Every structure is written in C-alpha cells, then in structure tokens.
$ cat my_file_30.pdb   # PDB, C-alpha atoms
MODEL        1
ATOM      1  CA  MET B   1      85.623 123.762  77.552
ATOM      2  CA  SER B   2      83.505 121.593  75.263
ATOM      3  CA  ARG B   3      80.575 119.849  76.913
ATOM      4  CA  MET B   4      81.366 116.666  74.983
ATOM      5  CA  SER B   5      84.911 115.381  74.945
ATOM      6  CA  PRO B   6      85.973 113.703  71.716
ATOM      7  CA  VAL B   7      88.029 111.183  73.699
ATOM      8  CA  LEU B   8      86.894 110.347  77.213
ATOM      9  CA  PRO B   9      89.337 107.901  78.856
ATOM     10  CA  LEU B  10      88.007 104.513  79.967
ATOM     11  CA  PRO B  11      89.213 103.205  83.344
ATOM     12  CA  PRO B  12      91.623 100.261  83.086
ATOM     13  CA  LEU B  13      90.102  96.795  83.513
ATOM     14  CA  GLU B  14      91.783  96.318  86.891
ATOM     15  CA  LEU B  15      90.120  99.444  88.270
ATOM     16  CA  ARG B  16      86.767  98.419  86.806
ATOM     17  CA  GLU B  17      87.161  95.050  88.550
ATOM     18  CA  LEU B  18      87.358  96.836  91.901
ATOM     19  CA  VAL B  19      83.803  98.136  91.476
ATOM     20  CA  GLY B  20      82.394  94.875  90.124
ATOM     21  CA  ALA B  21      81.126  95.878  86.669
ATOM     22  CA  THR B  22      83.774  95.553  83.943
ATOM     23  CA  ASP B  23      81.769  95.844  80.686
ATOM     24  CA  PRO B  24      82.895  99.086  78.962
ATOM     25  CA  GLU B  25      79.323  99.651  77.751
ATOM     26  CA  LEU B  26      78.293 100.282  81.373
ATOM     27  CA  TYR B  27      80.570 103.344  81.335
ATOM     28  CA  GLU B  28      79.108 104.848  78.165
ATOM     29  CA  ASN B  29      76.175 107.197  77.544
ATOM     30  CA  PRO B  30      76.122 107.794  73.771
ATOM     31  CA  THR B  31      72.466 108.909  73.780
ATOM     32  CA  ARG B  32      73.221 111.554  76.451
ATOM     33  CA  VAL B  33      70.021 110.680  78.351
ATOM     34  CA  PRO B  34      69.872 111.062  82.160
ATOM     35  CA  ILE B  35      71.347 108.028  83.886
ATOM     36  CA  PHE B  36      68.355 108.071  86.272
ATOM     37  CA  PRO B  37      65.263 108.699  84.116
ATOM     38  CA  GLY B  38      62.075 110.468  85.130
ATOM     39  CA  LEU B  39      63.575 113.037  87.488
ATOM     40  CA  PRO B  40      62.762 116.762  87.325
ATOM     41  CA  PRO B  41      65.469 119.065  85.892
ATOM     42  CA  GLY B  42      66.210 120.468  89.353
ATOM     43  CA  ALA B  43      67.421 117.061  90.497
ATOM     44  CA  TRP B  44      70.648 117.570  88.538
ATOM     45  CA  ALA B  45      71.768 120.692  90.398
ATOM     46  CA  THR B  46      74.151 119.035  92.893
ATOM     47  CA  PHE B  47      75.045 115.380  92.481
ATOM     48  CA  LEU B  48      76.870 113.568  95.304
ATOM     49  CA  ASP B  49      78.386 110.270  94.176
ATOM     50  CA  PHE B  50      79.117 108.437  97.436
ATOM     51  CA  GLY B  51      81.365 105.572  96.348
ATOM     52  CA  SER B  52      82.335 107.076  93.002
ATOM     53  CA  GLY B  53      84.865 104.322  92.306
ATOM     54  CA  CYS B  54      86.679 104.682  88.980
ATOM     55  CA  GLY B  55      83.995 106.937  87.527
ATOM     56  CA  ARG B  56      81.272 104.682  86.114
ATOM     57  CA  SER B  57      78.519 107.195  86.909
ATOM     58  CA  ALA B  58      80.756 110.244  86.494
ATOM     59  CA  ARG B  59      81.798 109.197  83.010
ATOM     60  CA  ARG B  60      78.165 108.784  81.925
ATOM     61  CA  LEU B  61      77.170 112.042  83.603
ATOM     62  CA  ILE B  62      79.875 113.925  81.694
ATOM     63  CA  GLN B  63      78.202 112.683  78.498
ATOM     64  CA  GLN B  64      74.673 113.393  79.828
ATOM     65  CA  ASP B  65      72.420 116.276  78.815
ATOM     66  CA  PRO B  66      71.717 117.990  81.144
ATOM     67  CA  ARG B  67      74.983 117.533  82.945
ATOM     68  CA  PRO B  68      74.922 118.168  86.730
ATOM     69  CA  ARG B  69      75.907 121.736  87.523
ATOM     70  CA  ARG B  70      78.006 120.409  90.389
ATOM     71  CA  TYR B  71      79.314 116.866  90.879
ATOM     72  CA  ILE B  72      81.181 115.605  93.975
ATOM     73  CA  GLY B  73      82.660 112.117  93.729
ATOM     74  CA  VAL B  74      83.769 110.580  97.029
ATOM     75  CA  ASP B  75      85.606 107.268  97.402
ATOM     76  CA  LEU B  76      87.927 105.587  99.906
ATOM     77  CA  HIS B  77      90.231 104.101  97.238
ATOM     78  CA  ARG B  78      92.991 106.618  96.709
ATOM     79  CA  GLY B  79      94.085 105.289  93.321
ATOM     80  CA  MET B  80      90.629 105.371  91.749
ATOM     81  CA  VAL B  81      90.125 108.934  92.971
ATOM     82  CA  GLN B  82      93.483 109.918  91.518
ATOM     83  CA  TRP B  83      92.653 108.275  88.187
ATOM     84  CA  CYS B  84      89.367 110.197  87.993
ATOM     85  CA  GLN B  85      91.076 113.463  88.908
ATOM     86  CA  GLU B  86      93.658 113.010  86.165
ATOM     87  CA  ASN B  87      91.457 111.517  83.435
ATOM     88  CA  LEU B  88      87.874 112.754  83.928
ATOM     89  CA  MET B  89      88.068 116.149  85.629
ATOM     90  CA  PRO B  90      89.799 117.799  82.638
ATOM     91  CA  HIS B  91      86.699 116.978  80.566
ATOM     92  CA  ALA B  92      84.082 118.421  82.946
ATOM     93  CA  ASP B  93      83.706 121.803  84.608
ATOM     94  CA  GLY B  94      82.118 121.567  88.042
ATOM     95  CA  PHE B  95      83.261 117.975  88.631
ATOM     96  CA  GLU B  96      85.547 117.091  91.537
ATOM     97  CA  PHE B  97      86.744 113.842  93.110
ATOM     98  CA  ILE B  98      87.676 113.635  96.790
ATOM     99  CA  HIS B  99      89.481 110.872  98.663
ATOM    100  CA  HIS B 100      87.364 109.794 101.647
ATOM    101  CA  ASP B 101      90.238 108.672 103.839
ATOM    102  CA  VAL B 102      88.542 106.041 106.000
ATOM    103  CA  TYR B 103      89.661 102.513 106.826
ATOM    104  CA  SER B 104      88.863  99.607 104.542
ATOM    105  CA  PRO B 105      90.485  96.202 105.185
ATOM    106  CA  CYS B 106      91.247  95.692 101.479
ATOM    107  CA  LEU B 107      90.979  99.038  99.681
ATOM    108  CA  ASN B 108      92.403 101.508 102.239
ATOM    109  CA  PRO B 109      94.089  99.221 104.768
ATOM    110  CA  ASP B 110      95.871 101.753 106.977
ATOM    111  CA  PRO B 111      94.698 100.706 110.474
ATOM    112  CA  LEU B 112      95.280 104.246 111.745
ATOM    113  CA  ARG B 113      92.450 105.553 109.542
ATOM    114  CA  PRO B 114      89.000 106.029 111.144
ATOM    115  CA  TRP B 115      86.082 103.806 110.109
ATOM    116  CA  ILE B 116      83.841 106.827 109.490
ATOM    117  CA  ALA B 117      84.209 110.489 108.501
ATOM    118  CA  PRO B 118      81.741 113.242 107.536
ATOM    119  CA  LEU B 119      80.995 113.569 103.846
ATOM    120  CA  PRO B 120      82.717 116.663 102.372
ATOM    121  CA  VAL B 121      79.439 118.405 101.489
ATOM    122  CA  GLU B 122      77.498 121.275 103.070
ATOM    123  CA  ASP B 123      74.194 120.697 104.844
ATOM    124  CA  GLY B 124      71.014 120.424 102.799
ATOM    125  CA  ILE B 125      72.384 121.095  99.320
ATOM    126  CA  VAL B 126      72.431 117.680  97.587
ATOM    127  CA  THR B 127      69.609 117.331  95.090
ATOM    128  CA  LEU B 128      70.618 113.853  93.934
ATOM    129  CA  MET B 129      72.846 111.366  95.729
ATOM    130  CA  GLU B 130      74.006 107.979  94.529
ATOM    131  CA  ALA B 131      75.298 105.197  96.785
ATOM    132  CA  THR B 132      75.636 102.112  94.600
ATOM    133  CA  SER B 133      77.419  99.219  96.319
ATOM    134  CA  VAL B 134      78.141 101.326  99.399
ATOM    135  CA  PHE B 135      75.675 100.303 102.124
ATOM    136  CA  THR B 136      76.215  96.715 100.973
ATOM    137  CA  HIS B 137      79.787  97.103 102.299
ATOM    138  CA  LEU B 138      79.242  98.990 105.569
ATOM    139  CA  ILE B 139      79.099  97.390 108.991
ATOM    140  CA  GLU B 140      76.140  98.374 111.135
ATOM    141  CA  GLY B 141      77.798 101.258 112.987
ATOM    142  CA  GLN B 142      79.027 102.738 109.719
ATOM    143  CA  ALA B 143      75.574 102.422 108.146
ATOM    144  CA  GLU B 144      74.031 104.307 111.075
ATOM    145  CA  PHE B 145      76.580 107.100 110.709
ATOM    146  CA  TYR B 146      76.192 107.472 106.963
ATOM    147  CA  LEU B 147      72.396 107.442 107.159
ATOM    148  CA  ASP B 148      72.843 110.428 109.481
ATOM    149  CA  GLU B 149      75.002 111.990 106.770
ATOM    150  CA  VAL B 150      72.342 111.329 104.124
ATOM    151  CA  ALA B 151      69.768 113.137 106.250
ATOM    152  CA  ARG B 152      72.220 116.003 106.779
ATOM    153  CA  VAL B 153      73.253 116.647 103.173
ATOM    154  CA  LEU B 154      69.996 116.025 101.255
ATOM    155  CA  ALA B 155      68.033 119.063 100.142
ATOM    156  CA  PRO B 156      64.329 119.039 101.159
ATOM    157  CA  ASP B 157      63.464 117.704  97.688
ATOM    158  CA  GLY B 158      66.663 115.653  97.388
ATOM    159  CA  ARG B 159      66.787 111.960  96.582
ATOM    160  CA  LEU B 160      69.187 109.106  97.360
ATOM    161  CA  MET B 161      69.552 106.283  94.828
ATOM    162  CA  SER B 162      71.034 103.396  96.796
ATOM    163  CA  THR B 163      71.553  99.637  96.780
ATOM    164  CA  TRP B 164      71.126  97.252  99.695
ATOM    165  CA  PHE B 165      71.267  93.572 100.569
ATOM    166  CA  LEU B 166      68.173  92.841 102.661
ATOM    167  CA  PHE B 167      66.928  89.939 104.771
ATOM    168  CA  GLU B 168      64.163  89.323 107.286
ATOM    169  CA  LYS B 169      65.364  88.972 110.853
ATOM    170  CA  ASP B 170      62.404  86.779 111.770
ATOM    171  CA  GLY B 171      64.265  83.956 110.044
ATOM    172  CA  PHE B 172      67.188  84.263 112.468
ATOM    173  CA  PRO B 173      65.668  83.826 115.966
ATOM    174  CA  TYR B 174      69.063  83.795 117.694
ATOM    175  CA  MET B 175      69.883  87.401 116.728
ATOM    176  CA  GLN B 176      69.777  90.006 119.482
ATOM    177  CA  ASP B 177      67.611  93.125 119.219
ATOM    178  CA  ASN B 178      70.748  95.202 118.620
ATOM    179  CA  GLN B 179      72.077  92.884 115.888
ATOM    180  CA  ASN B 180      70.630  93.784 112.511
ATOM    181  CA  ALA B 181      73.287  92.873 109.946
ATOM    182  CA  LEU B 182      74.655  89.654 108.460
ATOM    183  CA  TYR B 183      78.283  89.293 107.355
ATOM    184  CA  ILE B 184      79.945  86.663 105.148
ATOM    185  CA  ASN B 185      83.676  87.241 105.646
ATOM    186  CA  ASP B 186      85.533  86.739 108.939
ATOM    187  CA  ARG B 187      88.588  88.717 107.768
ATOM    188  CA  ASP B 188      86.779  91.568 106.065
ATOM    189  CA  PRO B 189      83.246  92.096 107.383
ATOM    190  CA  THR B 190      82.728  94.834 104.779
ATOM    191  CA  ASN B 191      83.011  92.245 101.977
ATOM    192  CA  ALA B 192      79.200  92.016 101.853
ATOM    193  CA  VAL B 193      76.623  93.105 104.438
ATOM    194  CA  ALA B 194      72.885  92.384 104.487
ATOM    195  CA  TYR B 195      70.449  94.383 106.646
ATOM    196  CA  ASP B 196      67.159  93.505 108.271
ATOM    197  CA  ARG B 197      64.296  95.155 106.382
ATOM    198  CA  ALA B 198      62.464  96.271 109.521
ATOM    199  CA  TRP B 199      65.658  97.784 110.961
ATOM    200  CA  LEU B 200      66.257  99.768 107.782
ATOM    201  CA  GLN B 201      62.737 101.161 107.654
ATOM    202  CA  GLU B 202      62.931 102.176 111.314
ATOM    203  CA  ALA B 203      66.399 103.694 110.837
ATOM    204  CA  LEU B 204      65.093 105.779 107.940
ATOM    205  CA  ALA B 205      62.006 106.893 109.872
ATOM    206  CA  ASP B 206      64.210 108.007 112.781
ATOM    207  CA  ARG B 207      65.953 110.358 110.352
ATOM    208  CA  ASP B 208      62.808 111.647 108.628
ATOM    209  CA  LEU B 209      63.647 109.651 105.514
ATOM    210  CA  VAL B 210      61.306 107.354 103.583
ATOM    211  CA  ILE B 211      61.572 104.843 100.757
ATOM    212  CA  ALA B 212      59.972 106.352  97.660
ATOM    213  CA  ARG B 213      60.566 103.336  95.430
ATOM    214  CA  ALA B 214      61.861  99.789  95.969
ATOM    215  CA  MET B 215      63.128  97.807  92.991
ATOM    216  CA  PRO B 216      63.619  94.081  93.733
ATOM    217  CA  PRO B 217      66.832  92.323  92.697
ATOM    218  CA  SER B 218      67.181  90.419  89.440
ATOM    219  CA  VAL B 219      68.667  87.474  91.369
ATOM    220  CA  ARG B 220      67.193  86.448  94.696
ATOM    221  CA  GLY B 221      69.050  88.000  97.610
ATOM    222  CA  TYR B 222      71.066  90.362  95.425
ATOM    223  CA  HIS B 223      70.959  94.185  95.221
ATOM    224  CA  TRP B 224      67.726  95.971  96.024
ATOM    225  CA  ARG B 225      67.640  99.487  94.556
ATOM    226  CA  LEU B 226      65.955 101.833  96.993
ATOM    227  CA  ASP B 227      65.109 105.452  96.189
ATOM    228  CA  ILE B 228      65.078 107.347  99.482
ATOM    229  CA  VAL B 229      63.727 110.866 100.007
ATOM    230  CA  THR B 230      63.156 113.222 102.907
ATOM    231  CA  ALA B 231      59.798 113.138 104.653
ATOM    232  CA  ALA B 232      59.522 116.827 103.750
ATOM    233  CA  ALA B 233      59.089 115.804 100.113
ATOM    234  CA  GLY B 234      55.589 114.590 101.021
ATOM    235  CA  ILE B 235      55.909 111.305  99.106
ATOM    236  CA  GLU B 236      53.899 108.330 100.337
ATOM    237  CA  PRO B 237      56.333 105.659 101.626
ATOM    238  CA  ALA B 238      56.645 102.612  99.374
ATOM    239  CA  GLU B 239      56.409  99.054 100.621
ATOM    240  CA  ILE B 240      59.341  96.696 100.126
ATOM    241  CA  PRO B 241      57.806  93.794  98.183
ATOM    242  CA  GLU B 242      58.694  90.150  98.594
ATOM    243  CA  ASP B 243      61.834  88.973  96.854
ATOM    244  CA  THR B 244      60.534  86.554  94.216
ATOM    245  CA  ALA B 245      63.511  86.760  91.844
ATOM    246  CA  PRO B 246      64.958  83.518  90.478
ATOM    247  CA  VAL B 247      67.839  81.897  92.321
ATOM    248  CA  GLY B 248      71.273  82.597  90.857
ATOM    249  CA  ARG B 249      74.829  83.691  91.566
ATOM    250  CA  ARG B 250      76.491  87.082  91.118
ATOM    251  CA  PRO B 251      79.903  86.916  92.844
ATOM    252  CA  PRO B 252      82.035  90.004  92.124
ATOM    253  CA  PRO B 253      85.537  89.772  90.589
ATOM    254  CA  LEU B 254      88.197  88.607  93.015
ATOM    255  CA  LEU B 255      90.655  91.231  94.245
ATOM    256  CA  ARG B 256      94.214  91.301  92.947
ATOM    257  CA  LEU B 257      97.216  91.526  95.249
ATOM    258  CA  GLY B 258      97.961  95.133  96.168
ATOM    259  CA  ALA B 259      94.535  96.322  94.975
ATOM    260  CA  ASP B 260      94.633  99.243  97.401
ATOM    261  CA  ARG B 261      97.551 100.759  95.409
ATOM    262  CA  PHE B 262      96.077 100.430  91.905
ATOM    263  CA  GLY B 263      95.913 103.732  90.074
ATOM    264  CA  LEU B 264      98.713 105.334  92.058
ATOM    265  CA  HIS B 265     101.694 104.222  89.973
ATOM    266  CA  GLY B 266     100.770 104.426  86.310
ATOM    267  CA  ASP B 267      98.560 102.110  84.311
ATOM    268  CA  GLU B 268     100.423  98.809  84.777
ATOM    269  CA  PHE B 269      98.573  96.213  86.832
ATOM    270  CA  ALA B 270     100.444  92.908  86.735
ATOM    271  CA  ALA B 271      99.379  91.606  90.144
ATOM    272  CA  PRO B 272      97.720  88.169  90.205
ATOM    273  CA  VAL B 273      94.220  87.592  91.486
ATOM    274  CA  VAL B 274      94.028  86.523  95.139
ATOM    275  CA  VAL B 275      92.667  82.972  95.214
ATOM    276  CA  ARG B 276      92.276  81.041  98.452
ATOM    277  CA  PRO B 277      91.369  77.404  97.688
ATOM    278  CA  ARG B 278      90.214  76.793 101.240
ATOM    279  CA  SER B 279      89.063  78.882 104.156
ATOM    280  CA  GLU B 280      91.843  79.208 106.688
ATOM    281  CA  PRO B 281      91.505  80.483 110.266
ATOM    282  CA  PRO B 282      92.183  84.218 110.402
ATOM    283  CA  PRO B 283      95.657  85.273 111.559
ATOM    284  CA  PRO B 284      96.049  86.640 115.071
ATOM    285  CA  SER B 285      95.560  90.334 115.530
ATOM    286  CA  SER B 286      98.780  92.332 115.185
ATOM    287  CA  LEU B 287      97.919  93.979 118.501
ATOM    288  CA  ALA B 288      97.516  90.554 120.083
ATOM    289  CA  VAL B 289     100.970  89.551 118.824
ATOM    290  CA  GLU B 290     102.445  92.767 120.216
ATOM    291  CA  LEU B 291     100.675  92.217 123.533
ATOM    292  CA  GLN B 292     102.014  88.663 123.758
ATOM    293  CA  GLY B 293     105.543  89.936 123.135
ATOM    294  CA  ALA B 294     105.116  92.536 125.894
ATOM    295  CA  LYS B 295     103.873  89.865 128.306
ATOM    296  CA  GLU B 296     106.883  87.669 127.545
ATOM    297  CA  TYR B 297     109.214  90.623 128.113
ATOM    298  CA  ILE B 298     107.562  91.350 131.473
ATOM    299  CA  VAL B 299     108.033  87.698 132.462
ATOM    300  CA  SER B 300     111.739  87.928 131.596
ATOM    301  CA  LEU B 301     112.096  91.124 133.687
ATOM    302  CA  GLU B 302     110.332  89.474 136.621
ATOM    303  CA  ALA B 303     112.708  86.476 136.359
ATOM    304  CA  GLU B 304     115.726  88.808 136.330
ATOM    305  CA  LEU B 305     114.349  90.729 139.320
ATOM    306  CA  GLU B 306     113.802  87.463 141.224
ATOM    307  CA  SER B 307     117.402  86.472 140.474
ATOM    308  CA  LEU B 308     118.672  89.786 141.869
ATOM    309  CA  ARG B 309     116.549  89.374 144.993
ATOM    310  CA  ALA B 310     117.968  85.882 145.520
ATOM    311  CA  ALA B 311     121.532  87.200 145.162
ATOM    312  CA  GLN B 312     120.817  89.972 147.673
ATOM    313  CA  ALA B 313     119.372  87.472 150.154
ATOM    314  CA  ALA B 314     122.505  85.329 149.873
ATOM    315  CA  ASP B 315     124.774  88.358 150.459
ATOM    316  CA  PRO B 316     122.728  90.787 152.622
ATOM    317  CA  ARG B 317     125.726  93.068 153.407
ATOM    318  CA  GLY B 318     126.735  93.290 149.818
ATOM    319  CA  THR B 319     130.336  92.295 150.678
ATOM    320  CA  GLY B 320     130.705  90.445 147.452
ATOM    321  CA  TRP B 321     129.754  93.564 145.567
ATOM    322  CA  ARG B 322     132.234  95.687 147.571
ATOM    323  CA  ALA B 323     134.962  93.165 147.016
ATOM    324  CA  ARG B 324     134.336  93.183 143.333
ATOM    325  CA  ARG B 325     134.350  97.022 143.319
ATOM    326  CA  SER B 326     137.682  97.224 145.258
ATOM    327  CA  GLY B 327     139.307  94.620 142.986
TER     328      GLY B 327
ENDMDL
END

$ encode --input "my_file_30.pdb" --output "structure tokens"
Amino acid sequence: MSRMSPVLPLPPLELRELVGATDPELYENPTRVPIFPGLPPGAWATFLDFGSGCGRSARRLIQQDPRPRRYIGVDLHRGMVQWCQENLMPHADGFEFIHHDVYSPCLNPDPLRPWIAPLPVEDGIVTLMEATSVFTHLIEGQAEFYLDEVARVLAPDGRLMSTWFLFEKDGFPYMQDNQNALYINDRDPTNAVAYDRAWLQEALADRDLVIARAMPPSVRGYHWRLDIVTAAAGIEPAEIPEDTAPVGRRPPPLLRLGADRFGLHGDEFAAPVVVRPRSEPPPPSSLAVELQGAKEYIVSLEAELESLRAAQAADPRGTGWRARRSG
C-alpha cells in the first residue's frame, strides 16, 4: 500500500462540526511534517488518539513522515468511528479506529452505557498520546479515571498532549474540598468542564505524572495545552503561568438534531441546528416519571384493597358472595 494516498477523503462538514474545527486546512498536512514538532523519532512508535473524532489528527498523521508505526483512534461517537474505518483505514497500514462505547448525553445517549471504560490499549506501550478536547468534556469522576488510564498506558518515555480548561479555586470560596470542577450546562455537564489548577497538579503527582510544558490559551479562559509525561522521564515539572490572553469568545458550533447518529447512514445530513432561544428548566428525569407512575399505581391498589376490606366488614360471613355464586 502506498504511504501517500492520491485521494484522502475529507470528513463531511457535519462531522467536522462535532469536533469544533471545520476548516479543511486543519485536516491537511501537505508538507508531511510531524503534527507535534520537536519530538524524538521514537515518539511515533505507538500513537493513542483519545477522542479521535472524525480523524483530524489521523488524516494529518497518514500524510506525515514519519508516520506512526501503530495508531489507535478511540472515540465515543459511533458514526465518526465508522466514517474513519471506512474512509481512512484503507489508506494507512497500522491504523485502527475503535468505538469507546461509554455514555455521552448528546453523542452516545444510551443511558445503559457506562460513564467510563478502560482504554483498549496494553499497559505501558503508548509513546505518544493525544487528548484534544477530551478532558474539557469529562466530569470530575471521569477525569480521575482517565488520568489513571493515562498513567497505565504511557511508556516510561511516553508523552500526553492534552487540552484543559483551568481556573483557580481560590476565587470560588464556597466550593468544597472535594469539588474541583466547574460546569456550564445543567442538561449536559460534559458540555464544557473547567478544573482547578491545584487539583490537576496534585492529581498528576498522585499518578507519577508531571507537566512538561504548559501553553496558555489564545483567548482568556480557553484551551490550555499541557504536555504531560511520566515522572520516570526525569523532566523538571513546568509551572502553569498566569493566563494573560486577551478576552474573547470561542463558542463551538451548535449540535444538529440527531447528531449522535451522523455517519451511520450515508453522507446525508439534513438535520437542522438545535437552537434554544431561552434557557428552560430541565425536564424531569425519566426515572422520576416512572417512579411517580409506580407511586400512583400503588395508591390505586391501596384504594382498591380498602374498598374490599370495607365490603368484607359489611358482610363478614360472605353470604352475599355465596348468594351470588349459587345464583
């Protein structure tokens, strides 16, 4: 198989919207240079793309020289994984895409799915791991679990390239010691999640991980890019500098109706964008509705039982019943 495909498919716009960046140029690598510069050649042995989406990094890596010897793309959106399997894997030996079947309120909304699952990678083999726009969408318990997974899968000289929303908990005096994340969406807490800087540094230290480099956001409060390595690498931990970026806005594209099914049924995406002009109270939990129905049914059974008891008290010998039976 040729190392450079003459025609490498570009994900449809609607799939690119799901990962935020839609400019086709962000999916191209015509110069074939490494997508993360300055790394030693050994870093490209085993690449784990946690949150591979519709293949933004994979598509550039296929064009890269050197190409990773092994690439594992993992994502919770079934349609994007399927699109990558059908459109990118045929152009790259050693590349695979795996559906990480965990619950997501918008992108994998089956409530029977677990919130967490082990990454499908052996211990200590990943030389380079990417998690762009992943920890920015994990609630605190998920982040703890997947930091454990990072520590498990990284090789001793492995490196994680990740993005985070960060804040300083000192500015929120009402937060408990065990509360370290801020959420913006009452219906989908994974919409965007910011973490306390001190919590993150302590969480990394507990797992023998350190920040090797911290790149501030281009817009204040937006993505920090943190390069994280194992303590065994012997790299001096980097400080997280103050966020002095200019104020601005970077809202991602709004989701379209049925976004969780995109990529599963061909390339037609006619669904409109979901626009809510005002914030409405969240609907009741489906379990709460079911529980209320059960309570009402129990009340009706108790009323029927009380009626039977009253009838028995009025006719203790049951003569009326026997008369009805004999008639």

$ resolve_selection --input "my_file_30.pdb" --expression "the PyMOL selection byres ((chain B and resi 97) around 9)" --output "VMD selection string"
chain B and resid 52 71 to 75 81 to 82 84 to 85 89 95 to 96 98 to 99

$ atom_distance --input "my_file_30.pdb" --atom1 "CA of Val193 (chain B)" --atom2 "CA of Pro283 (chain B)"
21.8 Å

$ residues_around --input "my_file_30.pdb" --residues "region 27-38 of chain B" --least-positions-apart "4" --cutoff "8 Å" --atoms "only C-alpha atoms" --output "ChimeraX atom specification"
/B:10,23,55-57,59-61,63-66

$ atom_distance --input "my_file_30.pdb" --atom1 "CA of Asp110 (chain B)" --atom2 "CA of Cys54 (chain B)"
20.4 Å

$ resolve_selection --input "my_file_30.pdb" --expression "the PyMOL selection byres ((chain B and resi 229-231) around 8)" --output "list in words"
Ala151, Leu154, Pro156, Asp157, Gly158, Arg159, Leu160, Asp208, Leu209, Val210, Ile211, Ala212, Asp227, Ile228, Ala232, Ala233, Gly234 and Ile235 of chain B

$ closest_residue --input "my_file_30.pdb" --among "B:Pro281, B:Gly20, B:Pro105, B:Pro68" --to "Ala92 (chain B)" --atoms "all atoms listed in the file"
B:Pro68

$ closest_residue --input "my_file_30.pdb" --among "B:Ser279, B:Glu14, B:Ile139, B:His223" --to "Pro189 (chain B)" --atoms "all atoms listed in the file"
B:Ile139

$ atom_distance --input "my_file_30.pdb" --atom1 "CA of Arg113 (chain B)" --atom2 "CA of Val19 (chain B)"
21.4 Å

$ decode --input "my_file_30.pdb" --residues "region 165-185 of chain B" --atoms "N, CA and C atoms" --output "PDB file, in the first residue's frame"
ATOM      1  N   PHE B 165      -9.504  23.197  30.292  1.00  0.00           N
ATOM      2  CA  PHE B 165      -9.979  24.482  30.796  1.00  0.00           C
ATOM      3  C   PHE B 165      -9.577  24.543  32.265  1.00  0.00           C
ATOM      4  N   LEU B 166      -8.925  25.613  32.669  1.00  0.00           N
ATOM      5  CA  LEU B 166      -8.420  25.722  34.039  1.00  0.00           C
ATOM      6  C   LEU B 166      -8.966  26.975  34.724  1.00  0.00           C
ATOM      7  N   PHE B 167      -9.105  26.892  36.034  1.00  0.00           N
ATOM      8  CA  PHE B 167      -9.460  28.051  36.851  1.00  0.00           C
ATOM      9  C   PHE B 167      -8.760  27.915  38.191  1.00  0.00           C
ATOM     10  N   GLU B 168      -8.834  28.957  38.991  1.00  0.00           N
ATOM     11  CA  GLU B 168      -8.233  28.925  40.327  1.00  0.00           C
ATOM     12  C   GLU B 168      -9.340  28.899  41.374  1.00  0.00           C
ATOM     13  N   LYS B 169      -9.345  27.838  42.154  1.00  0.00           N
ATOM     14  CA  LYS B 169     -10.419  27.607  43.117  1.00  0.00           C
ATOM     15  C   LYS B 169     -10.471  28.676  44.209  1.00  0.00           C
ATOM     16  N   ASP B 170      -9.368  29.360  44.429  1.00  0.00           N
ATOM     17  CA  ASP B 170      -9.359  30.412  45.445  1.00  0.00           C
ATOM     18  C   ASP B 170     -10.399  31.483  45.145  1.00  0.00           C
ATOM     19  N   GLY B 171     -10.790  31.613  43.888  1.00  0.00           N
ATOM     20  CA  GLY B 171     -11.791  32.605  43.524  1.00  0.00           C
ATOM     21  C   GLY B 171     -13.219  32.151  43.749  1.00  0.00           C
ATOM     22  N   PHE B 172     -13.393  30.925  44.255  1.00  0.00           N
ATOM     23  CA  PHE B 172     -14.726  30.376  44.493  1.00  0.00           C
ATOM     24  C   PHE B 172     -14.769  29.825  45.919  1.00  0.00           C
ATOM     25  N   PRO B 173     -14.858  30.698  46.937  1.00  0.00           N
ATOM     26  CA  PRO B 173     -14.711  30.274  48.330  1.00  0.00           C
ATOM     27  C   PRO B 173     -15.798  29.337  48.827  1.00  0.00           C
ATOM     28  N   TYR B 174     -16.898  29.221  48.097  1.00  0.00           N
ATOM     29  CA  TYR B 174     -17.998  28.359  48.527  1.00  0.00           C
ATOM     30  C   TYR B 174     -17.827  26.913  48.071  1.00  0.00           C
ATOM     31  N   MET B 175     -16.782  26.614  47.301  1.00  0.00           N
ATOM     32  CA  MET B 175     -16.590  25.242  46.822  1.00  0.00           C
ATOM     33  C   MET B 175     -15.999  24.375  47.932  1.00  0.00           C
ATOM     34  N   GLN B 176     -16.505  23.144  48.018  1.00  0.00           N
ATOM     35  CA  GLN B 176     -15.997  22.190  48.994  1.00  0.00           C
ATOM     36  C   GLN B 176     -14.627  21.674  48.561  1.00  0.00           C
ATOM     37  N   ASP B 177     -13.917  21.045  49.519  1.00  0.00           N
ATOM     38  CA  ASP B 177     -12.595  20.496  49.199  1.00  0.00           C
ATOM     39  C   ASP B 177     -12.675  19.417  48.124  1.00  0.00           C
ATOM     40  N   ASN B 178     -13.808  18.700  48.075  1.00  0.00           N
ATOM     41  CA  ASN B 178     -13.948  17.618  47.102  1.00  0.00           C
ATOM     42  C   ASN B 178     -14.631  18.073  45.815  1.00  0.00           C
ATOM     43  N   GLN B 179     -14.807  19.369  45.639  1.00  0.00           N
ATOM     44  CA  GLN B 179     -15.403  19.914  44.417  1.00  0.00           C
ATOM     45  C   GLN B 179     -14.331  20.705  43.679  1.00  0.00           C
ATOM     46  N   ASN B 180     -13.952  20.228  42.518  1.00  0.00           N
ATOM     47  CA  ASN B 180     -12.798  20.803  41.822  1.00  0.00           C
ATOM     48  C   ASN B 180     -13.067  21.139  40.367  1.00  0.00           C
ATOM     49  N   ALA B 181     -14.342  21.047  39.947  1.00  0.00           N
ATOM     50  CA  ALA B 181     -14.684  21.296  38.556  1.00  0.00           C
ATOM     51  C   ALA B 181     -15.856  22.259  38.463  1.00  0.00           C
ATOM     52  N   LEU B 182     -15.877  23.043  37.400  1.00  0.00           N
ATOM     53  CA  LEU B 182     -16.979  23.955  37.106  1.00  0.00           C
ATOM     54  C   LEU B 182     -17.664  23.499  35.823  1.00  0.00           C
ATOM     55  N   TYR B 183     -18.997  23.549  35.827  1.00  0.00           N
ATOM     56  CA  TYR B 183     -19.805  23.119  34.691  1.00  0.00           C
ATOM     57  C   TYR B 183     -20.685  24.280  34.221  1.00  0.00           C
ATOM     58  N   ILE B 184     -21.069  24.272  32.928  1.00  0.00           N
ATOM     59  CA  ILE B 184     -21.840  25.380  32.389  1.00  0.00           C
ATOM     60  C   ILE B 184     -23.230  24.968  31.898  1.00  0.00           C
ATOM     61  N   ASN B 185     -23.521  23.668  31.891  1.00  0.00           N
ATOM     62  CA  ASN B 185     -24.744  23.193  31.253  1.00  0.00           C
ATOM     63  C   ASN B 185     -25.479  22.261  32.206  1.00  0.00           C
TER      64      ASN B 185
END
